[in-house]
There are 2 protein chains.
Amino acid sequence: MTTSTPHTSTHRVTLEDVAREAGVSRATASRVITGCGPSSAEARDRVIAAVKALGYIPDAAARALVGGHGFRLVVAVTGHTPSTLDDPYVDRFVASVAVTCATRGIGVSLQWLPYRDPDQVRRLAKDRSARAVLLLNATDAVLRAVPAALTGRIASIGLGSTTVPVFDVDLAGATAAMVYHLYDKGRRRIAMVSGPAWMPCVARSVETYRSLMQAGGLPFRLVRSNFTADGGKAAARTALCRWPDTDAVIAGNDAVALGIIAALRGQGRNIPGDVAVCGFDDIPFAVLSTPTLTTSTHPVERIATAATTAVLDGSWASPATYYPSQLICRESA
Amino acid sequence: MTTSTPHTSTHRVTLEDVAREAGVSRATASRVITGCGPSSAEARDRVIAAVKALGYIPDAAARALVGGHGFRLVVAVTGHTPSTLDDPYVDRFVASVAVTCATRGIGVSLQWLPYRDPDQVRRLAKDRSARAVLLLNATDAVLRAVPAALTGRIASIGLGSTTVPVFDVDLAGATAAMVYHLYDKGRRRIAMVSGPAWMPCVARSVETYRSLMQAGGLPFRLVRSNFTADGGKAAARTALCRWPDTDAVIAGNDAVALGIIAALRGQGRNIPGDVAVCGFDDIPFAVLSTPTLTTSTHPVERIATAATTAVLDGSWASPATYYPSQLICRESA
DNA sequence: TTGTATGCGTTATCAC
DNA sequence: GTGATAACGCATACAA
């Protein structure tokens with residue numbers, strides 16, 4: 001069963017070698033390995049044995065060439081400047097995608113998608129090396145610019161469309177849980193410091209907050225910010241200047257929440273005594289802040305893995321998949 | 001000069017199309033585009049014009065197939081468990097690499113390299129889809145297992161070898177600056193909470209600390225930990241139990257430093273009054289902690305970009321490149 | 001079920 | 001300086 005030719009270290013083992021070792025043709029070996037097409041049990045066993053014996057690894061380049069599909073997954077992040085990519089959330093997402101891709105022998109590349117030039121999505125369809133695309137912070141304009149050629153191999157985190165499925169955390173549920181939690185704690189003048197208005201995913205939080213406050217006859221107090229601690233500091237000042245009696249703040253993420261806490265304490269306010277603050281993401285340092293931060297989990301890894309799998313396999317169950325976020329009650333609210 | 005066949009949106013423009021448009025052979029078109037081989041000025045102009053007119057993008061898969069090289073950069077992180085990959089530093093590094101790779105049309109994949117099985121590096125050489133490799137937290141055993149086939153397209157962050165160039169932050173310089181800073185502030189009983197002993201990069205910090213303390217006739221107080229806040233908490237308790245009069249602690253990173261601060265404050269110690277604490281990395285939350293954290297910068301993006309470029313271009317100036325870290329003095333030390 | 005033959009898009013080796 | 005032509009490794013339509 002073993003060929004007489006020894007393995008020289010320079011020689012790469014190819015499908016031809018496997019077929020010869022198994023005593024079958026290349027076609028049969030290929031069918032067994034890909035799992036597509038008919039194959040007898042005996043042939044299958046022999047091919048599999050040969051694969052293991054020779055340590056065969058399919059050449060992804062050749063597969064991509066004949067298959068006509070690319071070999072890298074592109075993560076495109078919409079934003080106003082290239083520094084949009086310089087974000088811990090993006091980092092975490094990309095790393096998760098990179099892990100999921102690794103087992104399939106493909107890689108990830110990360111690029112900025114200018115807010116001002118949504119049509120750049122089309123270039124991704126032209127580039128044959130791009131096997132699939134994952135959109136982050138996509139706007140309506142970006143979604144409209146998605147060419148039909150990308151259908152089935154593109155997904156979005158945040159906002160989706162009829163042709164682009166969306167995978168994200170259940171922001172509405174998370175926001176509702178926070179509002180209820182604060183209400184239970186006796187808070188009635190609850191403000192929200194949300195992300196920038198142009199980010200579509202922000203709307204889901206804001207709308208939930210708005211409808212809940214309205215239903216309860218409570219005041220609607222919204223301040224727009226970015227997703228940084230500095231943004232949180234500024235927003236806190238704005239909010240307390242505008243509505244001094246605010247007794248709770250829901251922040252867009254933990255960084256913002258920590259910025260808000262810093263600003264509030266700087267003004268002599270007691271957290272959570274005077275103002276309760278809660279964040280979103282449950283970053284590692286949420287448990288290290290003073291006070292420790294009440295927040296809600298963000299299953300970034302699950303989202304990244306699901307979106308990657310969907311876009312690579314080219315099939316998904318639903319046009320919209322939202323993963324639950326869990327409220328983590330600590331000291332700040 | 002323009003062909004009569006219109007561009008159907010489904011048809012991908014290939015080198016054949018460019019050659020036809022330019023009125024030359026595929027070979028000539030290829031020579032012009034790659035820049036390798038002879039070509040007349042006229043042929044060059046016509047090919048370049050055709051490329052622009054048709055919006056031609058070379059098929060990377062075909063290039064990789066004929067060239068024999070891969071199309072993805074593999075980042076392999078050594079550690080005891082797969083959760084080694086679940087680290088903000090790794091995330092940040094991978095994202096930076098993914099950005100640098102994007103402009104070259106290739107992708108990144110991230111995988112765990114088991115501490116117990118260093119020989120798994122060899123598999124990367126077998127896999128033709130891997131164009132280059134970047135090692136994180138590589139041990140001596142891993143470095144020894146690196147096959148010759150990887151020479152010229154592998155680099156390491158942390159520890160290098162004669163065949164594997166290293167790119168990293170100047171940990172020795174950063175540590176020295178911290179020790180001097182603490183000394184200037186009057187601290188004399190300075191402890192260090194380092195990363196685990198098996199991580200070679202940790203040695204550079206420890207050695208610098210050791211020699212400096214020895215030179216100054218000061219006590220050497222080392223506690224091993226991991227790079228998490230919980231690890232920092234435990235290490236702080238150990239250190240203060242062993243050497244109650246410790247008046248300063250140098251932590252392995254900011255997470256550890258914040259854990260140390262939390263533990264110390266829990267024991268009623270005043271920071272920096274009783275004990276000065278400094279970290280490393282200068283994470284965004286170093287400025288948000290109470291007290292704000294004295295730390296040192298970590299140019300992860302520069303390191304990642306340099307290593308990626310070196311390993312992709314296959315050439316580098318020096319076998320070891322260390323980037324400076326800058327001390328950031330805040331309240332904690 | 002299996003083997004034969006062809007094509008994927010590019011680079012490189014030759015003659016010319 | 002240029003143009004045929006042979007690889008590169010694999011998947012698949014087709015014939016057996």
# chains A, B, ... in the order shown; residues from 1 in each chain; ligands from 1
call {"tool": "residues_around", "arguments": {"residues": "Thr175 (chain B)", "least_positions_apart": "4", "cutoff": "9 Å", "atoms": "only C-alpha atoms (C1' of nucleotides)", "output": "PDB file with C-alpha atoms, in the first residue's frame"}}
result
ATOM      1  CA  ASP B 170      11.786  47.609  24.205  1.00  0.00           C
ATOM      2  CA  LEU B 171      10.754  46.000  27.465  1.00  0.00           C
ATOM      3  CA  VAL B 179      12.593  51.613  38.140  1.00  0.00           C
ATOM      4  CA  TYR B 180      14.367  54.971  37.848  1.00  0.00           C
ATOM      5  CA  ARG B 204      13.713  40.820  29.499  1.00  0.00           C
ATOM      6  CA  SER B 205      11.724  42.770  32.076  1.00  0.00           C
ATOM      7  CA  VAL B 206      12.752  40.599  34.950  1.00  0.00           C
ATOM      8  CA  THR B 208      16.464  44.458  33.804  1.00  0.00           C
ATOM      9  CA  TYR B 209      14.671  44.789  37.115  1.00  0.00           C
ATOM     10  CA  ILE B 250       5.784  47.144  38.772  1.00  0.00           C
ATOM     11  CA  SER B 296       4.258  52.838  29.665  1.00  0.00           C
TER      12      SER B 296
END
call {"tool": "interface_residues", "arguments": {"of": "chain D", "to": "chain B", "cutoff": "12 Å", "atoms": "only C-alpha atoms (C1' of nucleotides)", "output": "mmCIF file with N, CA and C atoms (P, O5', C5', C4', C3', O3' and C1' of nucleotides), in the first residue's frame"}}
result
data_model
loop_
_atom_site.group_PDB
_atom_site.id
_atom_site.type_symbol
_atom_site.label_atom_id
_atom_site.label_comp_id
_atom_site.auth_asym_id
_atom_site.auth_seq_id
_atom_site.Cartn_x
_atom_site.Cartn_y
_atom_site.Cartn_z
ATOM 1 P P DG D 1 14.574 44.860 -25.275
ATOM 2 O "O5'" DG D 1 13.159 44.460 -25.845
ATOM 3 C "C5'" DG D 1 12.465 45.350 -26.663
ATOM 4 C "C4'" DG D 1 11.478 44.558 -27.463
ATOM 5 C "C3'" DG D 1 10.219 44.144 -26.700
ATOM 6 O "O3'" DG D 1 9.101 44.249 -27.582
ATOM 7 C "C1'" DG D 1 11.321 42.201 -27.504
ATOM 8 P P DT D 2 7.644 44.176 -27.097
ATOM 9 O "O5'" DT D 2 7.213 42.727 -27.578
ATOM 10 C "C5'" DT D 2 7.239 42.427 -28.980
ATOM 11 C "C4'" DT D 2 7.077 40.951 -29.187
ATOM 12 C "C3'" DT D 2 5.847 40.338 -28.507
ATOM 13 O "O3'" DT D 2 4.860 40.100 -29.508
ATOM 14 C "C1'" DT D 2 7.770 38.917 -28.414
ATOM 15 P P DG D 3 3.363 39.863 -29.120
ATOM 16 O "O5'" DG D 3 3.258 38.299 -29.348
ATOM 17 C "C5'" DG D 3 3.661 37.772 -30.594
ATOM 18 C "C4'" DG D 3 3.834 36.260 -30.492
ATOM 19 C "C3'" DG D 3 2.633 35.534 -29.882
ATOM 20 O "O3'" DG D 3 2.369 34.369 -30.675
ATOM 21 C "C1'" DG D 3 4.601 34.946 -28.710
ATOM 22 P P DA D 4 0.958 33.690 -30.704
ATOM 23 O "O5'" DA D 4 1.306 32.245 -31.242
ATOM 24 C "C5'" DA D 4 0.856 31.149 -30.499
ATOM 25 C "C4'" DA D 4 2.010 30.182 -30.255
ATOM 26 C "C3'" DA D 4 1.531 28.958 -29.470
ATOM 27 O "O3'" DA D 4 2.022 27.775 -30.078
ATOM 28 C "C1'" DA D 4 3.334 30.031 -28.329
ATOM 29 P P DT D 5 1.309 26.414 -29.747
ATOM 30 O "O5'" DT D 5 1.924 26.035 -28.333
ATOM 31 C "C5'" DT D 5 3.344 25.968 -28.199
ATOM 32 C "C4'" DT D 5 3.705 25.581 -26.782
ATOM 33 C "C3'" DT D 5 2.640 24.741 -26.060
ATOM 34 O "O3'" DT D 5 3.286 23.701 -25.372
ATOM 35 C "C1'" DT D 5 3.218 26.568 -24.725
ATOM 36 P P DA D 6 2.442 22.441 -24.891
ATOM 37 O "O5'" DA D 6 3.182 22.087 -23.530
ATOM 38 C "C5'" DA D 6 4.601 22.182 -23.456
ATOM 39 C "C4'" DA D 6 5.026 22.585 -22.052
ATOM 40 C "C3'" DA D 6 4.391 21.743 -20.944
ATOM 41 O "O3'" DA D 6 5.363 21.498 -19.941
ATOM 42 C "C1'" DA D 6 3.874 24.003 -20.589
ATOM 43 P P DA D 7 5.202 20.305 -18.925
ATOM 44 O "O5'" DA D 7 3.773 20.603 -18.301
ATOM 45 C "C5'" DA D 7 3.540 20.414 -16.920
ATOM 46 C "C4'" DA D 7 4.107 21.571 -16.123
ATOM 47 C "C3'" DA D 7 3.482 21.640 -14.718
ATOM 48 O "O3'" DA D 7 4.502 21.669 -13.756
ATOM 49 C "C1'" DA D 7 3.146 23.713 -15.894
ATOM 50 P P DC D 8 4.292 20.879 -12.393
ATOM 51 O "O5'" DC D 8 3.435 21.853 -11.473
ATOM 52 C "C5'" DC D 8 3.865 23.161 -11.121
ATOM 53 C "C4'" DC D 8 2.712 23.912 -10.499
ATOM 54 C "C3'" DC D 8 1.661 23.016 -9.857
ATOM 55 O "O3'" DC D 8 1.947 22.907 -8.471
ATOM 56 C "C1'" DC D 8 0.682 24.844 -11.106
ATOM 57 P P DG D 9 1.968 21.423 -7.815
ATOM 58 O "O5'" DG D 9 0.447 21.226 -7.391
ATOM 59 C "C5'" DG D 9 -0.138 22.141 -6.483
ATOM 60 C "C4'" DG D 9 -1.634 21.991 -6.522
ATOM 61 C "C3'" DG D 9 -2.136 20.568 -6.277
ATOM 62 O "O3'" DG D 9 -3.030 20.601 -5.191
ATOM 63 C "C1'" DG D 9 -3.167 21.510 -8.191
ATOM 64 P P DC D 10 -3.853 19.337 -4.742
ATOM 65 O "O5'" DC D 10 -5.250 19.633 -5.418
ATOM 66 C "C5'" DC D 10 -5.956 20.812 -5.011
ATOM 67 C "C4'" DC D 10 -7.086 21.087 -5.970
ATOM 68 C "C3'" DC D 10 -8.205 20.058 -5.939
ATOM 69 O "O3'" DC D 10 -9.336 20.642 -5.296
ATOM 70 C "C1'" DC D 10 -7.639 20.727 -8.161
#
call {"tool": "closest_atom_pairs", "arguments": {"of": "chain C", "to": "chain A", "cutoff": "8 Å", "atoms": "only C-alpha atoms (C1' of nucleotides)", "output": "tab-separated table"}}
result
residue	atom	partner	partner_atom	distance
C:DT1	C1'	A:Ser39	CA	6.2
C:DT2	C1'	A:Thr28	CA	7.0
C:DG3	C1'	A:Ser25	CA	6.3
C:DG7	C1'	A:Val66	CA	7.9
C:DC8	C1'	A:Val66	CA	4.4
C:DG9	C1'	A:Leu65	CA	7.4
call {"tool": "write_last_selection", "arguments": {"atoms": "N, CA and C atoms (P, O5', C5', C4', C3', O3' and C1' of nucleotides)", "output": "JSON list (two decimals), in the first residue's frame"}}
result
[["chain", "number", "residue", "atom", "x", "y", "z"],
["C", 1, "DT", "P", -22.71, 4.09, -5.67],
["C", 1, "DT", "O5'", -21.12, 4.38, -5.64],
["C", 1, "DT", "C5'", -20.30, 3.26, -5.46],
["C", 1, "DT", "C4'", -19.42, 3.04, -6.65],
["C", 1, "DT", "C3'", -18.14, 3.89, -6.69],
["C", 1, "DT", "O3'", -17.03, 3.03, -6.47],
["C", 1, "DT", "C1'", -19.16, 3.70, -8.84],
["C", 2, "DT", "P", -15.60, 3.61, -6.22],
["C", 2, "DT", "O5'", -15.00, 3.89, -7.65],
["C", 2, "DT", "C5'", -14.64, 2.79, -8.49],
["C", 2, "DT", "C4'", -14.27, 3.31, -9.86],
["C", 2, "DT", "C3'", -13.10, 4.28, -9.90],
["C", 2, "DT", "O3'", -11.96, 3.61, -10.40],
["C", 2, "DT", "C1'", -14.86, 4.90, -11.40],
["C", 3, "DG", "P", -10.52, 4.35, -10.33],
["C", 3, "DG", "O5'", -10.37, 4.93, -11.80],
["C", 3, "DG", "C5'", -10.42, 4.04, -12.89],
["C", 3, "DG", "C4'", -10.57, 4.81, -14.19],
["C", 3, "DG", "C3'", -9.44, 5.80, -14.49],
["C", 3, "DG", "O3'", -9.01, 5.63, -15.84],
["C", 3, "DG", "C1'", -11.53, 6.89, -14.64],
["C", 7, "DG", "P", -11.12, 22.76, -22.67],
["C", 7, "DG", "O5'", -11.27, 23.73, -21.41],
["C", 7, "DG", "C5'", -12.46, 23.70, -20.62],
["C", 7, "DG", "C4'", -12.21, 24.37, -19.27],
["C", 7, "DG", "C3'", -11.39, 25.66, -19.35],
["C", 7, "DG", "O3'", -12.01, 26.66, -18.58],
["C", 7, "DG", "C1'", -10.42, 24.18, -17.79],
["C", 8, "DC", "P", -11.74, 28.19, -18.86],
["C", 8, "DC", "O5'", -11.38, 28.74, -17.41],
["C", 8, "DC", "C5'", -12.24, 28.50, -16.29],
["C", 8, "DC", "C4'", -11.43, 28.65, -15.04],
["C", 8, "DC", "C3'", -10.36, 29.73, -15.13],
["C", 8, "DC", "O3'", -10.89, 30.96, -14.63],
["C", 8, "DC", "C1'", -9.56, 27.72, -14.03],
["C", 9, "DG", "P", -10.85, 32.26, -15.58],
["C", 9, "DG", "O5'", -9.41, 32.87, -15.25],
["C", 9, "DG", "C5'", -9.15, 33.31, -13.93],
["C", 9, "DG", "C4'", -7.66, 33.49, -13.74],
["C", 9, "DG", "C3'", -7.03, 34.48, -14.72],
["C", 9, "DG", "O3'", -6.28, 35.42, -13.98],
["C", 9, "DG", "C1'", -5.83, 32.43, -14.71]]
call {"tool": "interface_residues", "arguments": {"of": "chain B", "to": "chain A", "cutoff": "7 Å", "atoms": "only C-alpha atoms", "output": "ChimeraX atom specification"}}
result
/B:57,59-62,64-65,72,91-92,94-95,98-99,101-102,105-111,127-129,258,262,288-290
call {"tool": "residues_around", "arguments": {"residues": "Gly160 (chain B)", "least_positions_apart": "6", "cutoff": "9 Å", "atoms": "only C-alpha atoms (C1' of nucleotides)", "output": "JSON, numbers by chain"}}
result
{"B": [138, 139, 140, 143, 166, 167, 319, 320]}
call {"tool": "residues_around", "arguments": {"residues": "region 187-201 of chain A", "least_positions_apart": "3", "cutoff": "9 Å", "atoms": "only C-alpha atoms (C1' of nucleotides)", "output": "VMD selection string"}}
result
chain A and resid 79 137 to 140 157 to 159 168 171 179 181 to 184 204 to 206 209 213 218 to 227 232 235 to 236 239 243 245 to 253 256 to 257 275 to 276
call {"tool": "select_by_dssp", "arguments": {"residues": "region 107-141 of chain B", "states": "helix (DSSP H, G or I)", "output": "PyMOL selection string"}}
result
chain B and resi 118-126+140-141
call {"tool": "write_last_selection", "arguments": {"atoms": "C-alpha atoms", "output": "PDB file, in the first residue's frame"}}
result
ATOM      1  CA  PRO B 118       5.725  22.935  19.713  1.00  0.00           C
ATOM      2  CA  ASP B 119       6.128  20.690  16.678  1.00  0.00           C
ATOM      3  CA  GLN B 120       2.839  21.934  15.332  1.00  0.00           C
ATOM      4  CA  VAL B 121       4.850  24.750  13.746  1.00  0.00           C
ATOM      5  CA  ARG B 122       5.953  22.258  11.160  1.00  0.00           C
ATOM      6  CA  ARG B 123       2.397  21.868   9.928  1.00  0.00           C
ATOM      7  CA  LEU B 124       2.424  25.499   8.901  1.00  0.00           C
ATOM      8  CA  ALA B 125       5.254  24.796   6.513  1.00  0.00           C
ATOM      9  CA  LYS B 126       3.306  21.920   4.998  1.00  0.00           C
ATOM     10  CA  ASP B 140      12.643  28.129  22.709  1.00  0.00           C
ATOM     11  CA  ALA B 141      11.099  24.779  21.855  1.00  0.00           C
TER      12      ALA B 141
END
call {"tool": "atom_distance", "arguments": {"atom1": "CA of Gly314 (chain A)", "atom2": "CA of Ser156 (chain A)"}}
result
13.6 Å
call {"tool": "atom_distance", "arguments": {"atom1": "CA of Leu135 (chain B)", "atom2": "CA of Asp254 (chain B)"}}
result
22.7 Å
call {"tool": "atom_distance", "arguments": {"atom1": "CA of Leu293 (chain A)", "atom2": "CA of Ile271 (chain A)"}}
result
10.1 Å
call {"tool": "decode", "arguments": {"residues": "region 305-316 of chain B", "atoms": "N, CA and C atoms", "output": "mmCIF file, in the first residue's frame"}}
result
data_model
loop_
_atom_site.group_PDB
_atom_site.id
_atom_site.type_symbol
_atom_site.label_atom_id
_atom_site.label_comp_id
_atom_site.auth_asym_id
_atom_site.auth_seq_id
_atom_site.Cartn_x
_atom_site.Cartn_y
_atom_site.Cartn_z
ATOM 1 N N THR B 305 2.816 46.085 12.183
ATOM 2 C CA THR B 305 3.036 46.529 10.810
ATOM 3 C C THR B 305 4.441 46.181 10.335
ATOM 4 N N ALA B 306 5.414 46.434 11.188
ATOM 5 C CA ALA B 306 6.801 46.152 10.814
ATOM 6 C C ALA B 306 7.017 44.663 10.583
ATOM 7 N N ALA B 307 6.506 43.855 11.485
ATOM 8 C CA ALA B 307 6.685 42.413 11.361
ATOM 9 C C ALA B 307 5.973 41.885 10.113
ATOM 10 N N THR B 308 4.784 42.378 9.876
ATOM 11 C CA THR B 308 4.019 41.950 8.699
ATOM 12 C C THR B 308 4.748 42.302 7.413
ATOM 13 N N THR B 309 5.188 43.528 7.329
ATOM 14 C CA THR B 309 5.909 43.979 6.145
ATOM 15 C C THR B 309 7.164 43.148 5.923
ATOM 16 N N ALA B 310 7.901 42.927 6.987
ATOM 17 C CA ALA B 310 9.151 42.173 6.882
ATOM 18 C C ALA B 310 8.902 40.761 6.377
ATOM 19 N N VAL B 311 7.925 40.120 6.944
ATOM 20 C CA VAL B 311 7.660 38.726 6.639
ATOM 21 C C VAL B 311 7.018 38.551 5.258
ATOM 22 N N LEU B 312 6.335 39.585 4.795
ATOM 23 C CA LEU B 312 5.703 39.525 3.486
ATOM 24 C C LEU B 312 6.701 39.863 2.373
ATOM 25 N N ASP B 313 7.566 40.805 2.649
ATOM 26 C CA ASP B 313 8.556 41.185 1.644
ATOM 27 C C ASP B 313 9.770 40.262 1.688
ATOM 28 N N GLY B 314 9.857 39.503 2.770
ATOM 29 C CA GLY B 314 10.947 38.544 2.865
ATOM 30 C C GLY B 314 12.310 39.144 3.133
ATOM 31 N N SER B 315 12.321 40.360 3.592
ATOM 32 C CA SER B 315 13.624 40.957 3.901
ATOM 33 C C SER B 315 13.506 41.912 5.084
ATOM 34 N N TRP B 316 14.506 41.922 5.903
ATOM 35 C CA TRP B 316 14.513 42.845 7.028
ATOM 36 C C TRP B 316 15.953 43.249 7.317
#
